[in-house]
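Raw contents of my_file.txt, compact mmCIF, C-alpha atoms and all ligand atoms:
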# COMPACT_ATOMS: atom_id res chain seq x y z
CA MET A 19 -13.92 13.22 39.71
CA PRO A 20 -14.67 15.49 36.75
CA ASP A 21 -13.98 19.21 36.91
CA ALA A 22 -16.52 21.09 38.97
CA ILE A 23 -18.83 22.96 36.63
CA ASP A 24 -21.64 25.35 37.25
CA LEU A 25 -24.52 24.14 35.16
CA ASN A 26 -26.41 27.34 35.98
CA THR A 27 -23.97 29.35 33.92
CA ALA A 28 -22.63 26.70 31.57
CA ALA A 29 -25.25 25.62 29.06
CA SER A 30 -23.26 22.51 28.34
CA LYS A 31 -20.06 20.73 29.06
CA ASP A 32 -18.33 19.11 26.12
CA VAL A 33 -15.45 17.06 27.39
CA THR A 34 -13.35 16.54 24.32
CA ASN A 35 -12.99 17.94 20.86
CA GLN A 36 -14.67 14.79 19.59
CA ALA A 37 -18.35 14.80 18.78
CA PRO A 38 -20.23 13.50 21.82
CA VAL A 39 -21.62 9.98 21.58
CA VAL A 40 -23.44 10.20 24.91
CA GLY A 41 -25.78 12.91 26.14
CA VAL A 42 -25.92 13.32 29.91
CA ILE A 43 -28.95 15.44 30.68
CA MET A 44 -30.61 16.45 33.93
CA GLY A 45 -33.63 18.40 35.03
CA SER A 46 -31.72 20.93 37.12
CA SER A 47 -28.21 21.93 38.05
CA SER A 48 -29.15 20.62 41.51
CA ASP A 49 -28.98 17.12 39.97
CA TRP A 50 -25.29 17.49 39.14
CA ASP A 51 -24.03 16.16 42.49
CA VAL A 52 -25.56 12.84 41.50
CA MET A 53 -25.10 12.98 37.73
CA GLN A 54 -21.38 13.69 37.96
CA HIS A 55 -21.01 10.07 39.01
CA ALA A 56 -22.11 9.11 35.51
CA THR A 57 -19.74 11.53 33.80
CA ALA A 58 -16.86 10.40 36.05
CA VAL A 59 -17.28 6.88 34.63
CA LEU A 60 -17.47 8.20 31.07
CA ASP A 61 -14.29 10.21 31.73
CA ALA A 62 -12.55 7.09 33.03
CA PHE A 63 -13.40 5.22 29.82
CA ASP A 64 -12.62 8.17 27.51
CA ILE A 65 -16.14 8.33 26.15
CA ALA A 66 -16.96 11.68 24.53
CA TYR A 67 -20.09 13.15 26.10
CA GLU A 68 -21.96 16.38 26.62
CA ALA A 69 -23.62 17.33 29.92
CA ARG A 70 -26.59 19.69 29.90
CA VAL A 71 -29.54 20.87 31.90
CA VAL A 72 -32.70 20.07 29.93
CA SER A 73 -35.68 20.57 32.19
CA ALA A 74 -38.87 18.80 31.10
CA HIS A 75 -41.07 21.24 32.99
CA ARG A 76 -39.19 24.51 32.85
CA MET A 77 -37.89 24.30 29.26
CA PRO A 78 -40.15 21.80 27.48
CA HIS A 79 -39.47 23.16 23.98
CA ASP A 80 -35.72 22.74 24.49
CA MET A 81 -36.36 19.18 25.61
CA VAL A 82 -38.29 18.45 22.42
CA GLU A 83 -35.50 19.96 20.33
CA TYR A 84 -32.87 17.90 22.17
CA GLY A 85 -34.74 14.67 21.56
CA ALA A 86 -35.58 15.48 17.96
CA THR A 87 -31.92 16.12 17.05
CA ALA A 88 -30.19 13.54 19.29
CA ALA A 89 -29.76 10.78 16.71
CA ALA A 90 -28.74 13.10 13.88
CA ARG A 91 -26.11 14.68 16.13
CA GLY A 92 -24.54 11.24 16.60
CA LEU A 93 -25.66 10.43 20.14
CA ARG A 94 -25.66 6.67 20.72
CA ALA A 95 -27.21 6.86 24.19
CA ILE A 96 -28.72 9.37 26.59
CA ILE A 97 -28.35 9.23 30.37
CA ALA A 98 -31.18 11.29 31.83
CA GLY A 99 -31.44 12.14 35.51
CA ALA A 100 -34.30 13.89 37.26
CA GLY A 101 -35.92 14.12 40.66
CA GLY A 102 -39.46 14.38 41.99
CA ALA A 103 -42.01 14.39 39.16
CA ALA A 104 -39.21 13.05 37.00
CA HIS A 105 -40.61 13.21 33.49
CA LEU A 106 -37.38 13.95 31.61
CA PRO A 107 -36.16 10.37 30.96
CA GLY A 108 -39.57 9.16 29.81
CA MET A 109 -40.23 12.16 27.60
CA MET A 110 -36.77 11.82 26.07
CA ALA A 111 -37.50 8.17 25.32
CA ALA A 112 -40.72 9.29 23.64
CA LEU A 113 -38.85 11.82 21.48
CA THR A 114 -35.99 9.71 20.15
CA GLU A 115 -35.08 6.14 19.26
CA VAL A 116 -31.68 6.66 20.93
CA PRO A 117 -31.68 4.43 24.05
CA VAL A 118 -32.40 6.28 27.29
CA PHE A 119 -30.92 5.31 30.65
CA GLY A 120 -32.86 6.84 33.53
CA VAL A 121 -31.35 7.92 36.84
CA PRO A 122 -33.72 8.74 39.72
CA VAL A 123 -32.27 11.68 41.65
CA PRO A 124 -33.04 11.80 45.39
CA SER A 125 -35.73 14.36 46.12
CA LYS A 126 -36.12 16.58 49.17
CA TYR A 127 -39.30 15.14 50.68
CA LEU A 128 -39.69 11.60 49.33
CA ARG A 129 -35.98 10.80 49.06
CA GLY A 130 -36.17 9.77 45.43
CA GLU A 131 -38.82 7.07 45.68
CA ASP A 132 -41.04 9.48 43.72
CA SER A 133 -38.28 9.91 41.12
CA LEU A 134 -37.80 6.14 40.83
CA LEU A 135 -41.48 5.40 40.33
CA SER A 136 -41.88 8.29 37.87
CA ILE A 137 -39.03 6.96 35.73
CA VAL A 138 -39.50 3.21 35.96
CA GLN A 139 -43.24 2.94 35.32
CA MET A 140 -43.17 3.57 31.58
CA PRO A 141 -46.01 2.41 29.37
CA LYS A 142 -45.36 -0.59 27.14
CA GLY A 143 -43.53 0.42 23.98
CA VAL A 144 -41.52 3.38 25.32
CA PRO A 145 -38.72 1.92 27.45
CA VAL A 146 -36.39 3.68 29.84
CA ALA A 147 -33.69 1.47 31.36
CA THR A 148 -34.02 2.61 34.95
CA PHE A 149 -31.24 2.46 37.52
CA ALA A 150 -30.93 2.80 41.29
CA ILE A 151 -31.71 6.05 43.10
CA GLY A 152 -28.69 8.33 43.40
CA GLU A 153 -24.97 7.96 42.86
CA ALA A 154 -24.91 4.20 42.30
CA GLY A 155 -27.61 4.55 39.66
CA ALA A 156 -25.73 7.32 37.88
CA ALA A 157 -22.47 5.36 37.81
CA ASN A 158 -24.19 2.12 36.83
CA ALA A 159 -26.09 3.80 34.00
CA ALA A 160 -22.74 4.80 32.50
CA LEU A 161 -21.24 1.35 33.12
CA HIS A 162 -24.19 -0.39 31.53
CA LEU A 163 -24.01 1.90 28.52
CA ILE A 164 -20.28 1.12 28.23
CA ALA A 165 -21.02 -2.62 28.42
CA ASN A 166 -23.40 -2.18 25.49
CA LEU A 167 -20.86 -0.22 23.43
CA ALA A 168 -18.20 -2.82 24.35
CA THR A 169 -20.10 -5.61 22.60
CA THR A 170 -18.89 -4.14 19.30
CA ASN A 171 -15.72 -2.38 20.52
CA PRO A 172 -12.86 -4.68 21.62
CA VAL A 173 -10.76 -1.84 23.10
CA LEU A 174 -13.63 -0.73 25.30
CA ARG A 175 -14.34 -4.34 26.23
CA GLU A 176 -10.74 -4.79 27.41
CA LYS A 177 -10.99 -1.60 29.50
CA LEU A 178 -14.22 -2.82 31.04
CA ILE A 179 -12.66 -6.17 31.94
CA GLN A 180 -9.73 -4.35 33.57
CA TYR A 181 -12.15 -2.14 35.51
CA ARG A 182 -14.05 -5.17 36.78
CA THR A 183 -10.84 -7.01 37.67
CA LYS A 184 -9.61 -4.06 39.75
CA GLN A 185 -12.97 -3.95 41.51
CA THR A 186 -12.76 -7.66 42.31
CA GLU A 187 -9.22 -7.26 43.66
CA ALA A 188 -10.30 -4.32 45.81
CA ALA A 189 -13.19 -6.34 47.25
CA ARG A 190 -10.91 -9.33 47.96
CA SER A 191 -8.50 -7.13 49.88
CA MET A 192 -11.24 -5.66 52.08
CA LYS A 193 -10.90 -6.30 55.79
CA VAL A 194 -13.68 -6.22 58.33
CA PRO A 195 -13.07 -3.29 60.73
CA GLN A 196 -11.86 -4.56 64.16
C1 LIG A 201 -36.52 18.23 38.78
O1 LIG A 201 -36.85 18.95 39.92
C2 LIG A 201 -35.04 18.21 38.73
O2 LIG A 201 -34.59 17.06 38.08
C3 LIG A 201 -34.61 18.25 40.18
O3 LIG A 201 -34.26 16.98 40.67
C4 LIG A 201 -35.87 18.74 40.89
C5 LIG A 201 -35.65 19.98 41.70
O4 LIG A 201 -35.10 20.99 40.88
P1 LIG A 201 -34.61 22.35 41.52
O5 LIG A 201 -35.81 23.00 42.16
O6 LIG A 201 -33.55 22.00 42.52
O7 LIG A 201 -34.05 23.16 40.38
O8 LIG A 201 -37.03 18.81 37.64

Once you've parsed the file, please lay out its structure as structure tokens.
Amino acid sequence: MPDAIDLNTAASKDVTNQAPVVGVIMGSSSDWDVMQHATAVLDAFDIAYEARVVSAHRMPHDMVEYGATAAARGLRAIIAGAGGAAHLPGMMAALTEVPVFGVPVPSKYLRGEDSLLSIVQMPKGVPVATFAIGEAGAANAALHLIANLATTNPVLREKLIQYRTKQTEAARSMKVPQ
């Protein structure tokens, strides 16, 4: 797991001295419990990222600025998580040509079905690659992004194959509880 960080007090988390290639953004620090499953995968694959709160509704001008500068700052992908009226991934996709991977965060009353539908139902022409609600979606967004980067990066491809092989071995060694 990555270091625990307080996104209320930390404007951003930059994991290495390298320029980030992935932006992990979320609508609230309350999304971090879920979104840290994306950054844990990026940590495991040594991908330089930044993690920030960029609320579509509470800080819309910051969101516009983030999207407008994402490509020029060298971001190759953005993982955006939000819950409820989850406009952040879609708005980010509208603001930049950098590919956006959307993670529906479980919400208090509708358990994230609202988040999922808000993120997945994009109008034609402005895509958000949308993943499962919650932790699996966050981790899989990062893994899918890595699979894309690995198509042109043999070192990353080898790491991804090793990761998948370990997963297969773990599944094969599973026993049904007696
Ligand atoms: C959304 O509202 C956030 O993405 C979060 O999932 C949800 C609730 O935010 P908080 O009230 O917990 O800050 O914008």

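When only C-alpha atoms are used to measure the gap to Val118 (chain A), the shortest distance among A:Lys193, A:Arg94, A:Arg182, A:His79 belongs to A:Arg94.
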
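For the pair CA of Leu135 (chain A) and CA of Val71 (chain A), the interatomic distance is 21.3 Å.
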
**Selection as a PyMOL selection string: residues within 9 Å of ligand LIG 201 (chain A) by all atoms listed in the file** = chain A and resi 44-49+71-76+99-106+122-126+130+133

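Each of A:Met81, A:Ala89, A:Ile137, A:Val59 was checked against Ala159 (chain A) using all atoms listed in the file; the smallest atom-to-atom distance is that of A:Val59.
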
**Which residue of A:Ala95, A:Asp64, A:Leu134, A:His55 approaches Asn166 (chain A) most closely, using all atoms listed in the file** = A:Ala95

**Exercise: Val138 (chain A) partners within 9 Å, only C-alpha atoms, chain neighbours under 5 positions left out, as JSON, numbers by chain** = {"A": [108, 120, 122, 133, 145, 146, 147, 148, 149]}

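Comparing A:Met53, A:Val39, A:Ala90, A:Met140 by their smallest distance to Glu68 (chain A), the closest is A:Val39 (using only C-alpha atoms).
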
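In this structure, CA of Gln54 (chain A) sits 22.5 Å away from CA of Ile179 (chain A).
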
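Atom pair CA of Leu161 (chain A) / CA of Leu113 (chain A) has a distance of 23.6 Å (rounded to one decimal).
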
**Prompt:** Using all atoms listed in the file, which of the listed residues (A:Ile96, A:Met192, A:Ala88, A:Met109) sits closest to Ala156 (chain A)?
**Reply:** A:Ile96

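Nearest-residue note for Ile151 (chain A): choosing from A:Asp132, A:Gln139, A:Glu176, A:Leu163, the minimum distance belongs to A:Asp132, counting all atoms listed in the file.
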
**Prompt:** Leu93 (chain A): which residues within 12 Å, counting all atoms listed in the file, same-chain residues fewer than 5 positions away excluded, as a PyMOL selection string?
**Reply:** chain A and resi 36-42+65-68+84-88+114-118

Incomplete region 134-162 of chain A filled out to N, CA and C atoms as a PDB file, in the frame of the given file:
ATOM      1  N   LEU A 134     -37.922   7.521  41.329  1.00  0.00           N
ATOM      2  CA  LEU A 134     -37.800   6.140  40.830  1.00  0.00           C
ATOM      3  C   LEU A 134     -39.094   5.683  40.172  1.00  0.00           C
ATOM      4  N   LEU A 135     -40.202   5.882  40.870  1.00  0.00           N
ATOM      5  CA  LEU A 135     -41.480   5.400  40.330  1.00  0.00           C
ATOM      6  C   LEU A 135     -41.884   6.183  39.080  1.00  0.00           C
ATOM      7  N   SER A 136     -41.566   7.488  39.063  1.00  0.00           N
ATOM      8  CA  SER A 136     -41.880   8.290  37.870  1.00  0.00           C
ATOM      9  C   SER A 136     -41.131   7.776  36.653  1.00  0.00           C
ATOM     10  N   ILE A 137     -39.881   7.345  36.870  1.00  0.00           N
ATOM     11  CA  ILE A 137     -39.030   6.960  35.730  1.00  0.00           C
ATOM     12  C   ILE A 137     -39.278   5.514  35.311  1.00  0.00           C
ATOM     13  N   VAL A 138     -39.468   4.644  36.289  1.00  0.00           N
ATOM     14  CA  VAL A 138     -39.500   3.210  35.960  1.00  0.00           C
ATOM     15  C   VAL A 138     -40.829   2.759  35.358  1.00  0.00           C
ATOM     16  N   GLN A 139     -41.916   3.438  35.712  1.00  0.00           N
ATOM     17  CA  GLN A 139     -43.240   2.940  35.320  1.00  0.00           C
ATOM     18  C   GLN A 139     -43.655   3.460  33.935  1.00  0.00           C
ATOM     19  N   MET A 140     -42.858   3.125  32.936  1.00  0.00           N
ATOM     20  CA  MET A 140     -43.170   3.570  31.580  1.00  0.00           C
ATOM     21  C   MET A 140     -44.220   2.680  30.934  1.00  0.00           C
ATOM     22  N   PRO A 141     -45.053   3.258  30.072  1.00  0.00           N
ATOM     23  CA  PRO A 141     -46.010   2.410  29.370  1.00  0.00           C
ATOM     24  C   PRO A 141     -45.305   1.522  28.358  1.00  0.00           C
ATOM     25  N   LYS A 142     -45.918   0.371  28.101  1.00  0.00           N
ATOM     26  CA  LYS A 142     -45.360  -0.590  27.140  1.00  0.00           C
ATOM     27  C   LYS A 142     -45.076   0.098  25.803  1.00  0.00           C
ATOM     28  N   GLY A 143     -43.882  -0.128  25.288  1.00  0.00           N
ATOM     29  CA  GLY A 143     -43.530   0.420  23.980  1.00  0.00           C
ATOM     30  C   GLY A 143     -42.572   1.598  24.022  1.00  0.00           C
ATOM     31  N   VAL A 144     -42.421   2.220  25.195  1.00  0.00           N
ATOM     32  CA  VAL A 144     -41.520   3.380  25.320  1.00  0.00           C
ATOM     33  C   VAL A 144     -40.587   3.131  26.509  1.00  0.00           C
ATOM     34  N   PRO A 145     -39.530   2.335  26.300  1.00  0.00           N
ATOM     35  CA  PRO A 145     -38.720   1.920  27.450  1.00  0.00           C
ATOM     36  C   PRO A 145     -37.711   2.951  27.921  1.00  0.00           C
ATOM     37  N   VAL A 146     -37.530   2.986  29.229  1.00  0.00           N
ATOM     38  CA  VAL A 146     -36.390   3.680  29.840  1.00  0.00           C
ATOM     39  C   VAL A 146     -35.709   2.644  30.743  1.00  0.00           C
ATOM     40  N   ALA A 147     -34.441   2.369  30.487  1.00  0.00           N
ATOM     41  CA  ALA A 147     -33.690   1.470  31.360  1.00  0.00           C
ATOM     42  C   ALA A 147     -33.400   2.234  32.637  1.00  0.00           C
ATOM     43  N   THR A 148     -34.034   1.809  33.729  1.00  0.00           N
ATOM     44  CA  THR A 148     -34.020   2.610  34.950  1.00  0.00           C
ATOM     45  C   THR A 148     -33.061   2.023  35.986  1.00  0.00           C
ATOM     46  N   PHE A 149     -32.277   2.891  36.594  1.00  0.00           N
ATOM     47  CA  PHE A 149     -31.240   2.460  37.520  1.00  0.00           C
ATOM     48  C   PHE A 149     -31.581   2.860  38.953  1.00  0.00           C
ATOM     49  N   ALA A 150     -30.691   2.541  39.868  1.00  0.00           N
ATOM     50  CA  ALA A 150     -30.930   2.800  41.290  1.00  0.00           C
ATOM     51  C   ALA A 150     -31.014   4.304  41.568  1.00  0.00           C
ATOM     52  N   ILE A 151     -31.636   4.651  42.670  1.00  0.00           N
ATOM     53  CA  ILE A 151     -31.710   6.050  43.100  1.00  0.00           C
ATOM     54  C   ILE A 151     -30.295   6.521  43.480  1.00  0.00           C
ATOM     55  N   GLY A 152     -29.901   7.656  42.922  1.00  0.00           N
ATOM     56  CA  GLY A 152     -28.690   8.330  43.400  1.00  0.00           C
ATOM     57  C   GLY A 152     -27.407   7.932  42.701  1.00  0.00           C
ATOM     58  N   GLU A 153     -26.309   8.079  43.439  1.00  0.00           N
ATOM     59  CA  GLU A 153     -24.970   7.960  42.860  1.00  0.00           C
ATOM     60  C   GLU A 153     -24.718   6.604  42.207  1.00  0.00           C
ATOM     61  N   ALA A 154     -25.144   5.528  42.870  1.00  0.00           N
ATOM     62  CA  ALA A 154     -24.910   4.200  42.300  1.00  0.00           C
ATOM     63  C   ALA A 154     -25.641   4.068  40.967  1.00  0.00           C
ATOM     64  N   GLY A 155     -26.856   4.606  40.904  1.00  0.00           N
ATOM     65  CA  GLY A 155     -27.610   4.550  39.660  1.00  0.00           C
ATOM     66  C   GLY A 155     -26.938   5.330  38.551  1.00  0.00           C
ATOM     67  N   ALA A 156     -26.403   6.492  38.889  1.00  0.00           N
ATOM     68  CA  ALA A 156     -25.730   7.320  37.880  1.00  0.00           C
ATOM     69  C   ALA A 156     -24.492   6.601  37.337  1.00  0.00           C
ATOM     70  N   ALA A 157     -23.681   6.074  38.237  1.00  0.00           N
ATOM     71  CA  ALA A 157     -22.470   5.360  37.810  1.00  0.00           C
ATOM     72  C   ALA A 157     -22.827   4.104  37.022  1.00  0.00           C
ATOM     73  N   ASN A 158     -23.822   3.371  37.506  1.00  0.00           N
ATOM     74  CA  ASN A 158     -24.190   2.120  36.830  1.00  0.00           C
ATOM     75  C   ASN A 158     -24.834   2.365  35.462  1.00  0.00           C
ATOM     76  N   ALA A 159     -25.538   3.477  35.321  1.00  0.00           N
ATOM     77  CA  ALA A 159     -26.090   3.800  34.000  1.00  0.00           C
ATOM     78  C   ALA A 159     -24.949   3.943  32.992  1.00  0.00           C
ATOM     79  N   ALA A 160     -23.893   4.634  33.399  1.00  0.00           N
ATOM     80  CA  ALA A 160     -22.740   4.800  32.500  1.00  0.00           C
ATOM     81  C   ALA A 160     -22.047   3.469  32.247  1.00  0.00           C
ATOM     82  N   LEU A 161     -21.910   2.652  33.291  1.00  0.00           N
ATOM     83  CA  LEU A 161     -21.240   1.350  33.120  1.00  0.00           C
ATOM     84  C   LEU A 161     -22.048   0.418  32.223  1.00  0.00           C
ATOM     85  N   HIS A 162     -23.347   0.470  32.364  1.00  0.00           N
ATOM     86  CA  HIS A 162     -24.190  -0.390  31.530  1.00  0.00           C
ATOM     87  C   HIS A 162     -24.127   0.043  30.064  1.00  0.00           C
TER      88      HIS A 162
END
